[in-house]
Every structure is written in C-alpha cells, then in structure tokens.
Amino acid sequence: MQMKKILAAALLAAGCLHLHADEGMWMLNRIDQKTADIMKGLGLTLTPSELYNPDGVSLKDAVVDFGDFCSGVVVSPNGLVFTNHHCGFGAIQALSTPEDDILANGFVAKNMEEERPAEGLFVRFLQSTEECTSRIMTALDSIYRANPTIPAREINNTKTDSICSAVEREYSRANPGMDCMVRSYYGGNAFYVSKYKTYRDVRLVFTATQTLGKFGGDTDNWMWPRQTCDFSMFRIYADKNGEPAEYSKDNVPLKPKRYAKVSIDGYRPGDYCMTVGYPGSTSRYLSSWGISERVNDRNISTIQVRGKKQEVWKKWMDADRATGIKYASKYASSSNYWKNSIGMNKAIADLNVIGQKQALEKRLAQWFKGDKELTRRFGEMFTQLEQAYANRREAVHASGYYNETFMRGIEIYRIASMLSRISQDAGKEQIESTRESIQRFFKDYDARLDQETMGVLLENYRQQVAAKFLPECYNIIDKEFGGDCKAYTRHLFEKTICKEADCLDRLLADSSLRETDPAFKLCKIIPNKLMQIQQSMREEGRIITFNEHLLTQALLEMDQENPHYSDANFTMRLSYGFIQDYTAGGKKFDYFTNAQSLLDKAAKQKEIEDYKLEDDIVALMQKGEWGRYADKHTGEMQLCFISNNDITGGNSGSPMFNGRGELIGLAFDGNWEAMSGDISFNSDLQRCIGVDIRFVLFLIEKWGHAPHLIREMGL
C-alpha cells in the first residue's frame, strides 16, 4: 500500500513541472494538462493526444526503437528511416568489403532494387504502454505474506523478474504478433508493460562517407562544437498486408501509420525543441556510495583496459584496410564508452556530484529523523548502503577488470566458449546455429590482432588486481612459461583450433580436442574465478539493491511537490526544452556550427587524422552554394546545434522536433562539461548535440545526387 501511495505522489508531481522544464525523460502516456500547458508555453502546438494516442495516430508512431540500441524516425510514406551514422555503423560495416568499401566511400541506393538488406537489424514501433504496478505488487505482497521469515530484499531480488515474465507472457498471448515487455520504473516502485510491433526486414538506403559520419572521431567525441554529419538512412519492409515479415524479395516498403514532416525552416535561440526516443540507462536516484563505486571501481576498469586494448587494435587497423573494416564497429563501440567513462569521472569531480548527493542524503536523514514510522522504514538504509558498498569494493574492482579483460577483450575466449557449449551428442539444429554464429564471428576477426591483445591484457590484469582474483591460467603461465604472458599466448594460438574458421568441423571430427586444446582449457578455467568473484558479493548486492530501492521511495515521498521522472530504461521518453548556448570555463559556446568551422578543422587533417575529409567534400563545402538549405537568418549552412534537452545513450538517432512536431535534427551526442548527466542533470551545462536536418538534406541532394529521396520526403 505504501508503494502505491509513493507512486501516486511521483506521478502527480510529474504533472507539476514548474521547475527545470529542460530536465527530465518523461513518459508520453503520463503527460497531463499541467505538463501540456508548460510545453505549450515554451512553444509546442501539439496536444497530448497528438503526441501519444494508442487508439489513433500520433507523433509517437513516427519514432522507432532502432535495433534495441538506438532510436530513429520515419520520414516518408514509404518507410524511410533516419538514424545516426554511428547507429547504422554495424550494419554498414557488415555490408562492406575491401572491394566494395561502402563504410569508407558511402552508399546511395538509386532505387529500391539497390537497397541492401541489413541482416539481423530490426525496428520496433510502440503500440501502447499500460500500467501493471498493482499486479506486480499484489503478487509480491502474496509472497511476503506466505514467507514472513524471508527478508523482503531476497523476495524482491529473486521473484520480481519471474513475476514480470509471467505478465509478459499473458500480454503476449492476448496480443499475438506483438512483443510485450514489462519494465520497472522509479527504482522498482512502478511497472509498465509496453507493446511493440517489430519489423525485421530493414535495408540500407544511404550512408555518407565515414569521414563525414564520424567526423572528429575520438578527438571530438562527447565534445562541442561539432561538425559531424551523423546520419544514415534505412527503409522498413513488410509483407503485402503491411505486417512484419522476415526478409523476402516479395516484401514491400512499409506504409507507416505516421511519418514526421521534415522542416527546413531552422531554429533560433529560445525556440522550442523536443526529443522523442529510447534513452538507455540513467542512475539519478543512486546513492553517494553508488556514485563513488561507479567512478572509482567500475569506470576505472573500462578506461584502463580499453585504453590498452584499443592501442593494439588501432595499430593493426591502420596497417591493413581489411582489418580496419573488420574491427571498425567493434572499435567504435569500445571507444565510445571508454571516452564516456573518462568524461563522466571528470565531470563528477568537477561538478562535485558526490558532495551534492551527500548533502541531499543529509537532508533526507533530517526529514525522517524524529518521525517514528519514517525512521522504522528508512532508519537503517544509509548504514546498510555504506557498509555493503564497502564490503564489496575489492570484488567489484576485480570484476570490472575481469569483464573488460576476458569477456570483452580476449576474443578467442568467446569462440572457445561458443564451441564448448556443443555437446558430443548435439543435434543438427544446435550445430547449424553454432556454425552460423561462428561464421559471423570470423567475418570480423583477426587472430594476429587478438593474439597481441591477449598477451597485453593478461599481463595488465595481473598488475591491476589482487593475487586472489587471478584465475588458474596464471598458475600455468608461471609454472610452464616462467611468468611470461606473451609466451603463453603464443603457445595457445599455435596449438588451438579456435583461431581457424573450420574449428567447428575439426572439433566434431575429434572430440579429444576438448581436453587437449589450450583455448578449451582456458575456457574451463575462466568462468570459475568469475563465479567466485560474483558469489563473494552476492549478499551485498541484495542489500544494495533493496536499500537503493528504499532510497528512491524516500526521495519521492520527501519531495512529493516537486517533479520526479523515472530513470531511463530504454522505453520511449519525451524530453523538452529549447535551443540554447552555454558558458563553461569562462568560454561561451554558440548554439550552432557552420560550414566554415568544418573547413577550418579539415585544414588540420595532416596533423589530426580524425579531421580527414575527401577532396570532393571539401570542394563542395568551399563552393558554398547552399540554396534552400541556407539558414534564413544567418545565410550560412548550419551543421550541428545544441539544445537543453535531457538525453543519454540510446537517444542516439532520436528525432529533434520543433514546436509543430516537425523534424529539425537528429540527436547524436552530449557535451564534455556535463558528462555526469547520467548521474546528475546540470541545467546550466548539459546540452544535447544534434545534426541539423538541413545539413543532412544538403548532402543527400548535392553529394549523394539522390533527389528522389528528397522528393520522397515531401520536399
């Protein structure tokens, strides 16, 4: 009952957005009249039902979950979808070869017959979102009553997922053809089920060169100002009835319920701006001890290990274009969160985020002090959090290094794990499924690169963690190879079948390899130590999860009159604000960049590789004939712009709409000064970086020579 009361207070507060209108990732189905009035005051002309209407057509029907990792927007009556270049990067890379290097050279489908199927890629359309909190809570309450001696934290941790899964199955049976997913909100204090229609025939239509789509590379990543033309274009296909279908040459372009109108009117400072997309994960209710763990134990391993790995990868990628293509997507993904972790740690320190959270916790303690009922519920919360985080710190530190080294760093371990799951009496279906996975793996694998990476990371892991966290392979290294990790690695790669594409057939022909092949031996050793590490912090994890859940309850209850939105969980959210510049470190940053700023950086390409541009693109930008894509106020080609919208990972590719619900850009990044945004929003500094849709259209028309796509978008 108390949980329901707190949830009601939180949702009521979400309608009272008189504070920080630019902060928040709001559920579209919770927009009430008060919220609508504030957005209207900022410049929105659409009504709440024009934003979200599960029984009709609304703007949410033009926005897609792109592949379960990004967002996108439909922009034509024939299913054209815009997303970021870095969101389409994996599909573009998979379609590239050294002979047909569309990753480097770009790609333009001159007609639908030339569009290329992107295997494994899908998009989801949200149909509706419904609350199911009472069903989940009722089921949990019944378990509490039936098991009064079991701590509530154990019931929450072990039963909630199974209850949610049961609700998902029930909704799926009632809604055939839809994917139904239950997600928790407000730290597990509320639950909603979202129903999706998923389309799996998605085809590449247009991508610019890698130099444009990733202009600035690691140098500019998470930075402002930017000049990156971060977009790619795909098309959704369906069966003849417009329903989802696996790829078939008989499929036809999807006729969407709604598509976004593309605007070339531009924007000015103070203009309303809104993103609708799928933000991945934020932790803004996290305790000060949780933030400290994120900074000092989790992020540190990401930064340190990936830095070592990427140094090796880049050397091999630069030396051979075929290897560069194979590792392009993997490197981009690794590098993105490597730099994100660096920026987050810096911003948390610079903005004193932990100190601010400690002050909030002190205020919270004063709030429940002296109230008998509140003290009963929350009085032990802080003590338990502090102690549990302290108890597991060493194990969390080791776990981070373990995962980055063995699970995300040494690739041959993954192929050995895949093969080890094939039993001696495996059926045809399992064998063929594994064969397909192995073929995908080896398409983007280089054993020479992996061998060097493994030697470097094994030695690095030994240096970074306590001896008790070393797996048994280090005993082999010490006894048989004199402690030389690189010598052990050379031996493993010389003797293993796992570095060859025919490894599955060789294993099926000789089962004794399971016992003699050194990669299989490593595969048996590695999970044991990881399980020990995880087991050592399991109880602390239960205590932390339960008390972080309590902390969220307490914060919502203490500040019932203020707005509270749920942390991001990769469900559709709306963020609203306006176009706005900012000042940091005594320097003012303008709200847009122009063509000249791109040319200024391109002039430095001999010194900075990330600023490389092809000669024809430089010539096109130097020509300066912008036509209707020039900004009507400045007369310039505006490339990227910033707003104070609240976004995070997963929002990449989110449409940026003006007050009329028209597309003006695609969100693709945040700014360095506010990289702590996943933990704490800073309204003075945090900005959403988007590529101007006019820059996109200009390149489609003038560089890609694809006027048919411009016409298809109604321009």
# chains A, B, ... in the order shown; residues from 1 in each chain; ligands from 1

call {"tool": "residues_around", "arguments": {"residues": "segment 432-443 of chain A", "least_positions_apart": "3", "cutoff": "12 Å", "atoms": "only C-alpha atoms", "output": "mmCIF file with C-alpha atoms, in the first residue's frame"}}
result
data_model
loop_
_atom_site.group_PDB
_atom_site.id
_atom_site.type_symbol
_atom_site.label_atom_id
_atom_site.label_comp_id
_atom_site.auth_asym_id
_atom_site.auth_seq_id
_atom_site.Cartn_x
_atom_site.Cartn_y
_atom_site.Cartn_z
ATOM 1 C CA GLN A 93 30.381 -2.292 -41.724
ATOM 2 C CA ALA A 94 28.802 -5.737 -42.184
ATOM 3 C CA LEU A 95 27.851 -4.817 -45.756
ATOM 4 C CA SER A 96 31.370 -3.563 -46.540
ATOM 5 C CA THR A 97 34.285 -5.430 -48.076
ATOM 6 C CA GLU A 119 20.918 -8.840 -41.734
ATOM 7 C CA GLY A 120 19.894 -9.003 -38.086
ATOM 8 C CA ALA A 322 40.684 -5.303 -44.410
ATOM 9 C CA THR A 323 41.398 -5.481 -40.680
ATOM 10 C CA ILE A 325 36.854 -2.821 -41.804
ATOM 11 C CA LYS A 326 36.557 -5.923 -39.621
ATOM 12 C CA TYR A 327 37.173 -4.011 -36.412
ATOM 13 C CA LYS A 330 33.870 -3.010 -32.508
ATOM 14 C CA GLU A 411 38.155 -12.629 -28.393
ATOM 15 C CA ILE A 412 39.404 -16.195 -28.733
ATOM 16 C CA ARG A 414 34.462 -16.134 -26.822
ATOM 17 C CA ILE A 415 34.854 -18.545 -29.740
ATOM 18 C CA ALA A 416 36.121 -21.283 -27.391
ATOM 19 C CA SER A 417 33.101 -20.697 -25.141
ATOM 20 C CA MET A 418 30.787 -20.970 -28.119
ATOM 21 C CA LEU A 419 32.347 -24.268 -29.178
ATOM 22 C CA SER A 420 32.430 -25.686 -25.665
ATOM 23 C CA ARG A 421 28.646 -25.481 -25.494
ATOM 24 C CA ILE A 422 28.401 -28.035 -28.304
ATOM 25 C CA SER A 423 27.893 -31.389 -26.608
ATOM 26 C CA ALA A 426 24.479 -32.253 -30.177
ATOM 27 C CA GLY A 427 21.618 -32.228 -32.646
ATOM 28 C CA LYS A 428 21.680 -30.808 -36.156
ATOM 29 C CA GLU A 429 19.796 -27.666 -35.172
ATOM 30 C CA ASP A 446 41.812 -11.304 -36.950
ATOM 31 C CA ALA A 447 43.794 -13.895 -34.961
ATOM 32 C CA ASP A 450 43.766 -10.988 -30.971
ATOM 33 C CA CYS A 498 39.800 -21.851 -32.302
ATOM 34 C CA LYS A 499 41.666 -19.327 -34.432
ATOM 35 C CA GLU A 500 40.519 -21.051 -37.645
ATOM 36 C CA ALA A 501 37.140 -20.685 -39.361
ATOM 37 C CA ASP A 502 36.795 -24.500 -39.681
ATOM 38 C CA CYS A 503 37.130 -25.005 -35.915
ATOM 39 C CA LEU A 504 33.635 -26.467 -35.508
ATOM 40 C CA ASP A 505 34.162 -29.197 -38.089
ATOM 41 C CA LEU A 507 36.007 -30.343 -33.114
ATOM 42 C CA LEU A 508 33.185 -32.560 -34.367
#

call {"tool": "closest_atom_pairs", "arguments": {"of": "segment 286-379 of chain A", "to": "segment 529-544 of chain A", "cutoff": "12 Å", "atoms": "only C-alpha atoms", "output": "CSV"}}
result
residue,atom,partner,partner_atom,distance
A:Leu286,CA,A:Ile544,CA,10.4
A:Ser287,CA,A:Ile544,CA,9.8
A:Trp289,CA,A:Ile544,CA,9.9
A:Gly290,CA,A:Ile544,CA,8.8
A:Glu293,CA,A:Ile544,CA,11.8

call {"tool": "atom_distance", "arguments": {"atom1": "atom CA of Ile354 of chain A", "atom2": "atom CA of Thr275 of chain A"}}
result
28.4 Å

call {"tool": "closest_residue", "arguments": {"among": "A:Val202, A:Ile143, A:Ile291, A:Tyr185", "to": "Ser566 of chain A", "atoms": "only C-alpha atoms"}}
result
A:Tyr185

call {"tool": "residues_around", "arguments": {"residues": "Met112 of chain A", "least_positions_apart": "4", "cutoff": "10 Å", "atoms": "only C-alpha atoms", "output": "mmCIF file with N, CA and C atoms, in the first residue's frame"}}
result
data_model
loop_
_atom_site.group_PDB
_atom_site.id
_atom_site.type_symbol
_atom_site.label_atom_id
_atom_site.label_comp_id
_atom_site.auth_asym_id
_atom_site.auth_seq_id
_atom_site.Cartn_x
_atom_site.Cartn_y
_atom_site.Cartn_z
ATOM 1 N N ARG A 116 20.093 -2.403 -49.749
ATOM 2 C CA ARG A 116 20.773 -3.617 -49.291
ATOM 3 C C ARG A 116 20.227 -4.106 -47.947
ATOM 4 N N ARG A 203 16.528 -2.309 -44.696
ATOM 5 C CA ARG A 203 17.526 -2.243 -45.760
ATOM 6 C C ARG A 203 18.205 -0.878 -45.797
ATOM 7 N N LEU A 204 19.498 -0.917 -46.059
ATOM 8 C CA LEU A 204 20.293 0.310 -46.144
ATOM 9 C C LEU A 204 19.955 1.061 -47.420
ATOM 10 N N VAL A 205 19.719 2.359 -47.276
ATOM 11 C CA VAL A 205 19.367 3.215 -48.401
ATOM 12 C C VAL A 205 20.477 4.223 -48.700
ATOM 13 N N ARG A 235 15.340 1.688 -44.897
ATOM 14 C CA ARG A 235 13.924 1.561 -45.230
ATOM 15 C C ARG A 235 13.377 0.294 -44.586
ATOM 16 N N VAL A 252 7.382 -5.507 -49.382
ATOM 17 C CA VAL A 252 7.172 -4.176 -49.959
ATOM 18 C C VAL A 252 7.483 -3.121 -48.906
ATOM 19 N N PRO A 253 7.790 -1.886 -49.330
ATOM 20 C CA PRO A 253 8.040 -0.823 -48.352
ATOM 21 C C PRO A 253 6.843 -0.617 -47.430
#

call {"tool": "select_by_dssp", "arguments": {"residues": "segment 567-657 of chain A", "states": "strand (DSSP E)", "output": "number ranges by chain"}}
result
A: 573-578, 582-584, 587-589, 592-594, 638-643, 655-657

call {"tool": "select_by_dssp", "arguments": {"residues": "segment 317-465 of chain A", "states": "alpha helix (DSSP H)", "output": "JSON, numbers by chain"}}
result
{"A": [317, 318, 319, 321, 322, 323, 324, 325, 326, 327, 328, 329, 330, 331, 332, 333, 334, 335, 336, 337, 338, 339, 340, 341, 342, 343, 344, 345, 346, 347, 348, 349, 350, 353, 354, 355, 356, 357, 358, 359, 360, 361, 362, 363, 364, 365, 366, 367, 368, 372, 373, 374, 375, 376, 377, 378, 381, 382, 383, 384, 385, 386, 387, 388, 389, 390, 391, 392, 393, 394, 395, 396, 397, 398, 399, 400, 401, 402, 411, 412, 413, 414, 415, 416, 417, 418, 419, 420, 428, 429, 430, 431, 432, 433, 434, 435, 436, 437, 438, 439, 440, 441, 442, 443, 447, 448, 449, 450, 451, 452, 453, 454, 455, 456, 457, 458, 459, 460, 461, 462, 463, 464]}

call {"tool": "closest_residue", "arguments": {"among": "A:Ser654, A:Asn299, A:Thr228, A:Gln430", "to": "Tyr611 of chain A", "atoms": "only C-alpha atoms"}}
result
A:Thr228

call {"tool": "residues_around", "arguments": {"residues": "segment 472-474 of chain A", "least_positions_apart": "3", "cutoff": "10 Å", "atoms": "only C-alpha atoms", "output": "JSON, numbers by chain"}}
result
{"A": [458, 459, 462, 467, 469, 477, 478, 479, 480, 481, 483, 484, 485, 488, 521, 522, 523, 524, 525, 526, 528, 529]}

call {"tool": "atom_distance", "arguments": {"atom1": "atom CA of Asp692 of chain A", "atom2": "atom CA of Asn644 of chain A"}}
result
15.4 Å

call {"tool": "residues_around", "arguments": {"residues": "His86 of chain A", "least_positions_apart": "3", "cutoff": "8 Å", "atoms": "only C-alpha atoms", "output": "list in words"}}
result
Phe89, Gly90, Gly213, Lys214, Asp230 and Phe231 of chain A

call {"tool": "write_last_selection", "arguments": {"atoms": "C-alpha atoms", "output": "PDB file, in the first residue's frame"}}
result
ATOM      1  CA  PHE A  89      27.564   1.705 -38.337  1.00  0.00           C
ATOM      2  CA  GLY A  90      27.441  -2.019 -37.564  1.00  0.00           C
ATOM      3  CA  GLY A 213      29.524  10.290 -40.490  1.00  0.00           C
ATOM      4  CA  LYS A 214      32.249  10.125 -37.842  1.00  0.00           C
ATOM      5  CA  ASP A 230      25.965  11.753 -38.062  1.00  0.00           C
ATOM      6  CA  PHE A 231      23.135  10.202 -40.060  1.00  0.00           C
TER       7      PHE A 231
END

call {"tool": "residues_around", "arguments": {"residues": "Ala568 of chain A", "least_positions_apart": "3", "cutoff": "12 Å", "atoms": "only C-alpha atoms", "output": "count of residues only"}}
result
33

call {"tool": "residues_around", "arguments": {"residues": "Ala347 of chain A", "least_positions_apart": "4", "cutoff": "12 Å", "atoms": "only C-alpha atoms", "output": "PyMOL selection string"}}
result
chain A and resi 295+340-343+351-354+584+671-682+685-686
